[in-house]
Amino acid sequence: MLYVKFKIEETEKLNDFQKLYNHLIAVRQPDFDFEDEVPEFDWNNMSEKEMEEAFKKIDEASDEDALELKRYKKVIPEYATSFFKKYFKVDNEKLGDLGIQQVTSIFNYLEFGFEVDFNKMELKDKNGIIEFSTGNFPFGGLERFFITLKAFNLVPTQCFDGFSINDIQWQSNFEFDFIELKDETAIYLKKFRG
């Protein structure tokens with residue numbers, strides 16, 4: 001079982017993260033379908049102007065980027081968006097001519113690129129743990145999930161990435177180092193081999 005342990009720095013932002021977490025669980029369900037964004041129209045009783053408006057709404061409902069942005073705004077508060085903008089500014093400077101990442105790309109990663117199933121989230125005092133599983137490696141990586149947690153003032157402190165247990169030492173808001181815990185890893189892996 002993969003996991004990320006984190007420290008809760010602001011409990012009020014934890015509620016906002018819980019909303020995102022619930023969304024991420026929902027989109028991973030086999031029968032999940034995004035809300036139908038196209039309203040019903042009474043075509044027989046519409047004026048030409050009303051029909052033009054209806055066609056505009058239909059076009060908007062088929063715009064995947066607009067729909068993703070709408071979902072993003074439902075579950076990502078403005079303070080987290082500000083944090084993501086700062087992260088991508090640093091990340092884009094590293095990328096240079098390779099391209100520019102946008103804030104909504106982290107949401108696409110969370111919904112589709114982070115190929116994990118969230119098993120549970122437990123909270124105790126000022127700490128928490130999120131356990132998840134995956135059927136494949138690589139599974140989208142952990143860095144952007146760490147950044148997502150940090151955007152909600154939940155600071156990742158330790159993780160099991162599928163290979164080893166690591167303490168996470170933050171160098172800045174966006175940069176961290178792993179300190180591998182070999183003894184803890186051996187004990188943890190032994191639980192699954194027995």
# chains A, B, ... in the order shown; residues from 1 in each chain; ligands from 1
$ residues_around --residues "A:Lys124" --least-positions-apart "3" --cutoff "12 Å" --atoms "only C-alpha atoms" --output "list in words"
Lys5, Phe6, Lys7, Ile8, Thr11, Met121, Asn127, Gly128, Ile129 and Ile130 of chain A
$ select_by_dssp --residues "stretch 71-178 of chain A" --states "alpha helix (DSSP H)" --output "NGL selection string"
:A and (71-75 or 78-95 or 103-108 or 143-151)
$ atom_distance --atom1 "atom CA of A:Glu53" --atom2 "atom CA of A:Lys70"
19.3 Å
$ atom_distance --atom1 "atom CA of A:Glu175" --atom2 "atom CA of A:Leu189"
27.3 Å
$ residues_around --residues "A:Glu10" --least-positions-apart "2" --cutoff "10 Å" --atoms "only C-alpha atoms" --output "PDB file with N, CA and C atoms, in the first residue's frame"
ATOM      1  N   LYS A   7       1.599  16.725   7.610  1.00  0.00           N
ATOM      2  CA  LYS A   7       1.329  17.559   8.780  1.00  0.00           C
ATOM      3  C   LYS A   7       0.275  18.596   8.381  1.00  0.00           C
ATOM      4  N   ILE A   8      -0.729  18.776   9.237  1.00  0.00           N
ATOM      5  CA  ILE A   8      -1.809  19.733   8.977  1.00  0.00           C
ATOM      6  C   ILE A   8      -1.412  21.072   9.585  1.00  0.00           C
ATOM      7  N   GLU A  12      -8.586  24.635   8.827  1.00  0.00           N
ATOM      8  CA  GLU A  12      -9.699  25.104   8.002  1.00  0.00           C
ATOM      9  C   GLU A  12      -9.482  24.780   6.521  1.00  0.00           C
ATOM     10  N   LYS A  13      -8.235  24.695   6.084  1.00  0.00           N
ATOM     11  CA  LYS A  13      -7.973  24.348   4.687  1.00  0.00           C
ATOM     12  C   LYS A  13      -8.108  22.843   4.449  1.00  0.00           C
ATOM     13  N   LEU A  14      -8.063  22.076   5.515  1.00  0.00           N
ATOM     14  CA  LEU A  14      -8.256  20.633   5.400  1.00  0.00           C
ATOM     15  C   LEU A  14      -9.648  20.329   4.848  1.00  0.00           C
ATOM     16  N   ASN A  15     -10.663  21.089   5.252  1.00  0.00           N
ATOM     17  CA  ASN A  15     -12.017  20.889   4.734  1.00  0.00           C
ATOM     18  C   ASN A  15     -12.072  21.101   3.224  1.00  0.00           C
ATOM     19  N   LYS A 126      -2.761  16.802  14.519  1.00  0.00           N
ATOM     20  CA  LYS A 126      -2.283  17.683  13.448  1.00  0.00           C
ATOM     21  C   LYS A 126      -1.576  16.905  12.342  1.00  0.00           C
ATOM     22  N   PHE A 152      -2.756  23.242   0.027  1.00  0.00           N
ATOM     23  CA  PHE A 152      -3.790  23.288   1.060  1.00  0.00           C
ATOM     24  C   PHE A 152      -3.175  23.333   2.469  1.00  0.00           C
ATOM     25  N   ASN A 153      -1.895  23.695   2.543  1.00  0.00           N
ATOM     26  CA  ASN A 153      -1.138  23.751   3.804  1.00  0.00           C
ATOM     27  C   ASN A 153      -1.137  22.411   4.544  1.00  0.00           C
ATOM     28  N   LEU A 154      -1.036  21.343   3.769  1.00  0.00           N
ATOM     29  CA  LEU A 154      -0.827  19.997   4.285  1.00  0.00           C
ATOM     30  C   LEU A 154       0.567  19.601   3.802  1.00  0.00           C
TER      31      LEU A 154
END
$ residues_around --residues "stretch 147-149 of chain A" --least-positions-apart "3" --cutoff "10 Å" --atoms "only C-alpha atoms" --output "list of chain:residue names"
A:Val4, A:Phe6, A:Lys7, A:Ile8, A:Leu14, A:Phe17, A:Leu20, A:Ile76, A:Ala80, A:Thr81, A:Phe83, A:Phe84, A:Tyr87, A:Ile106, A:Phe107, A:Leu110, A:Leu142, A:Glu143, A:Arg144, A:Phe152, A:Asn153, A:Leu154, A:Val155, A:Pro156, A:Asn173, A:Phe174, A:Glu175
$ select_by_dssp --residues "stretch 5-181 of chain A" --states "strand (DSSP E or B)" --output "ChimeraX atom specification"
/A:5-8,117-124,127-133,154-160,165-170,176-180
$ residues_around --residues "stretch 158-160 of chain A" --least-positions-apart "3" --cutoff "7 Å" --atoms "only C-alpha atoms" --output "list in words"
Leu2, Tyr3, Val4, Lys5, Phe6, Phe163, Ser164, Ile165, Asn166, Asp167 and Ile168 of chain A
